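Worksheet: one structure, shown below.
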Amino acid sequence: QLQLVESGGGLVQPGGSLRLSCVASGFTLDYYAIGWFRQAPGKEREGVSCISASGGSTNYADSVKGRFTISRDNAKNTVYLQMNSLKPEDTAVYYCAAAPRSSFRAGVISTADFGSWGQGTQVTVSS
């Protein structure tokens with residue numbers, strides 16, 4: 001059974017940093033692209049970033065470019081999202097999800113391409 005578990009969320013002041021982790025169990029991450037998504041109250045789930053199976057290609061939403069960095073450690077079956085210069089508008093529940101390696105598309109972060117969603121981790125940016 002494919003399972004992803006997110007962690008690392010919390011309360012942080014504007015300008016602060018958090019690092020989210022997405023740990024896979026039941027399957028090997030090597031063959032999957034991984035995406036990070038977020039959903040704020042009353043809003044649709046949106047793509048934040050995704051990384052190819054090899055880690056050689058990444059996509060970012062315009063709203064997080066230059067502030068967030070996605071990376072992966074396949075030996076640890078883990079994908080990370082380093083979030084710097086956080087803003088109140090980054091407040092949301094953050095989810096990771098997996099997609100077959102062939103589904104990764106340059107410049108695209110689509111919920112339709114991903115499955116095996118984790119349960120989410122809350123990120124709150126507030127003073």
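Following the order of the structure tokens, chains are lettered A, B, ..., residues in each are numbered from 1, and ligands are numbered from 1.
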
*What are the DSSP strand (DSSP E or B) residues of chain A, as number ranges by chain?*
A: 3-7, 10-12, 18-25, 32-39, 46-51, 58-60, 68-73, 78-83, 92-100, 115, 121-125

*asked:* So that I can see what lies close to A:Leu18, please list as a PyMOL selection string the residues with an atom at most 10 Å from it, counting only C-alpha atoms and leaving out residues fewer than 5 positions away in the same chain.
replied: chain A and resi 8-12+68+81-86+123

*Could you check which of A:Ala61, A:Ala92, A:Val5, A:Ala106 is closest to A:Ser126, using only C-alpha atoms?*
A:Ala92

_Taking 5 positions as the minimum chain separation for residues in the same chain, which residues sit within 6 Å of stretch 49-58 of chain A when counting only C-alpha atoms? Answer as a ChimeraX atom specification._
/A:30-36,101

Saved selection, atoms kept: N, CA, C and O atoms, as a PDB file, in the first residue's frame:
ATOM      1  N   ASP A  30      12.000   6.060  -5.895  1.00  0.00           N
ATOM      2  CA  ASP A  30      12.848   6.235  -7.077  1.00  0.00           C
ATOM      3  C   ASP A  30      12.052   6.340  -8.371  1.00  0.00           C
ATOM      4  O   ASP A  30      12.503   6.967  -9.328  1.00  0.00           O
ATOM      5  N   TYR A  31      10.875   5.699  -8.423  1.00  0.00           N
ATOM      6  CA  TYR A  31      10.130   5.629  -9.678  1.00  0.00           C
ATOM      7  C   TYR A  31       9.007   6.642  -9.767  1.00  0.00           C
ATOM      8  O   TYR A  31       8.175   6.584 -10.678  1.00  0.00           O
ATOM      9  N   TYR A  32       8.980   7.595  -8.814  1.00  0.00           N
ATOM     10  CA  TYR A  32       7.859   8.514  -8.755  1.00  0.00           C
ATOM     11  C   TYR A  32       8.307   9.974  -8.699  1.00  0.00           C
ATOM     12  O   TYR A  32       9.263  10.309  -8.000  1.00  0.00           O
ATOM     13  N   ALA A  33       7.570  10.797  -9.434  1.00  0.00           N
ATOM     14  CA  ALA A  33       7.669  12.232  -9.204  1.00  0.00           C
ATOM     15  C   ALA A  33       6.851  12.544  -7.952  1.00  0.00           C
ATOM     16  O   ALA A  33       5.860  11.872  -7.666  1.00  0.00           O
ATOM     17  N   ILE A  34       7.269  13.556  -7.219  1.00  0.00           N
ATOM     18  CA  ILE A  34       6.557  13.955  -6.006  1.00  0.00           C
ATOM     19  C   ILE A  34       6.191  15.429  -6.097  1.00  0.00           C
ATOM     20  O   ILE A  34       6.996  16.256  -6.537  1.00  0.00           O
ATOM     21  N   GLY A  35       4.975  15.722  -5.697  1.00  0.00           N
ATOM     22  CA  GLY A  35       4.506  17.099  -5.716  1.00  0.00           C
ATOM     23  C   GLY A  35       4.090  17.561  -4.334  1.00  0.00           C
ATOM     24  O   GLY A  35       3.658  16.764  -3.504  1.00  0.00           O
ATOM     25  N   TRP A  36       4.245  18.844  -4.109  1.00  0.00           N
ATOM     26  CA  TRP A  36       3.717  19.499  -2.908  1.00  0.00           C
ATOM     27  C   TRP A  36       2.572  20.404  -3.339  1.00  0.00           C
ATOM     28  O   TRP A  36       2.695  21.158  -4.315  1.00  0.00           O
ATOM     29  N   ARG A 101       6.674   8.294 -12.778  1.00  0.00           N
ATOM     30  CA  ARG A 101       7.752   9.148 -13.296  1.00  0.00           C
ATOM     31  C   ARG A 101       7.427   9.721 -14.665  1.00  0.00           C
ATOM     32  O   ARG A 101       7.834  10.837 -14.988  1.00  0.00           O
TER      33      ARG A 101
END

*Exercise: A:Thr91 partners within 6 Å, only C-alpha atoms, chain neighbours under 2 positions left out, as a PyMOL selection string*: chain A and resi 88-89+123-125

_Could you go through chain A and tell me which residues DSSP, when run on the backbone, assigns to helix (DSSP H, G or I), listing them as a list in words?_
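Helix (DSSP H, G or I) members of chain A, listed: Leu29, Asp30, Tyr31, Asn74, Ala75, Lys76, Pro88, Glu89, Asp90, Arg101, Ser102, Ser103, Thr111, Ala112 and Asp113 of chain A.
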
Please produce a file of the residues just selected, as a tab-separated table (two decimals), in the first residue's frame, where the atoms kept are N, CA, C and O atoms.
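After the write, out_19.tsv holds the following:
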chain	number	residue	atom	x	y	z
A	29	LEU	N	10.51	5.44	-3.68
A	29	LEU	CA	10.29	6.75	-4.31
A	29	LEU	C	11.00	6.90	-5.65
A	29	LEU	O	10.63	7.76	-6.44
A	30	ASP	N	12.00	6.06	-5.89
A	30	ASP	CA	12.85	6.23	-7.08
A	30	ASP	C	12.05	6.34	-8.37
A	30	ASP	O	12.50	6.97	-9.33
A	31	TYR	N	10.87	5.70	-8.42
A	31	TYR	CA	10.13	5.63	-9.68
A	31	TYR	C	9.01	6.64	-9.77
A	31	TYR	O	8.18	6.58	-10.68
A	74	ASN	N	16.36	9.94	-2.21
A	74	ASN	CA	15.74	8.65	-2.49
A	74	ASN	C	16.24	7.56	-1.55
A	74	ASN	O	15.50	6.60	-1.26
A	75	ALA	N	17.45	7.68	-1.05
A	75	ALA	CA	17.98	6.69	-0.11
A	75	ALA	C	17.17	6.69	1.18
A	75	ALA	O	17.05	5.66	1.85
A	76	LYS	N	16.61	7.86	1.53
A	76	LYS	CA	15.78	7.97	2.73
A	76	LYS	C	14.30	7.93	2.39
A	76	LYS	O	13.46	8.11	3.28
A	88	PRO	N	2.17	35.53	5.25
A	88	PRO	CA	0.86	35.10	5.75
A	88	PRO	C	0.04	34.35	4.70
A	88	PRO	O	-0.69	33.42	5.05
A	89	GLU	N	0.19	34.73	3.45
A	89	GLU	CA	-0.57	34.07	2.39
A	89	GLU	C	-0.08	32.65	2.09
A	89	GLU	O	-0.70	31.93	1.31
A	90	ASP	N	1.01	32.24	2.73
A	90	ASP	CA	1.47	30.85	2.60
A	90	ASP	C	0.73	29.93	3.58
A	90	ASP	O	0.91	28.70	3.53
A	101	ARG	N	6.67	8.29	-12.78
A	101	ARG	CA	7.75	9.15	-13.30
A	101	ARG	C	7.43	9.72	-14.67
A	101	ARG	O	7.83	10.84	-14.99
A	102	SER	N	6.69	8.99	-15.46
A	102	SER	CA	6.36	9.45	-16.80
A	102	SER	C	5.34	10.59	-16.81
A	102	SER	O	5.14	11.25	-17.83
A	103	SER	N	4.71	10.83	-15.66
A	103	SER	CA	3.69	11.87	-15.59
A	103	SER	C	4.29	13.26	-15.38
A	103	SER	O	3.58	14.26	-15.52
A	111	THR	N	-2.90	18.80	-9.86
A	111	THR	CA	-3.43	17.78	-8.95
A	111	THR	C	-3.89	16.55	-9.72
A	111	THR	O	-3.87	15.44	-9.20
A	112	ALA	N	-4.28	16.73	-10.97
A	112	ALA	CA	-4.80	15.61	-11.76
A	112	ALA	C	-3.73	14.57	-12.06
A	112	ALA	O	-4.05	13.41	-12.35
A	113	ASP	N	-2.48	14.95	-12.00
A	113	ASP	CA	-1.38	14.02	-12.32
A	113	ASP	C	-0.95	13.19	-11.12
A	113	ASP	O	-0.22	12.22	-11.29
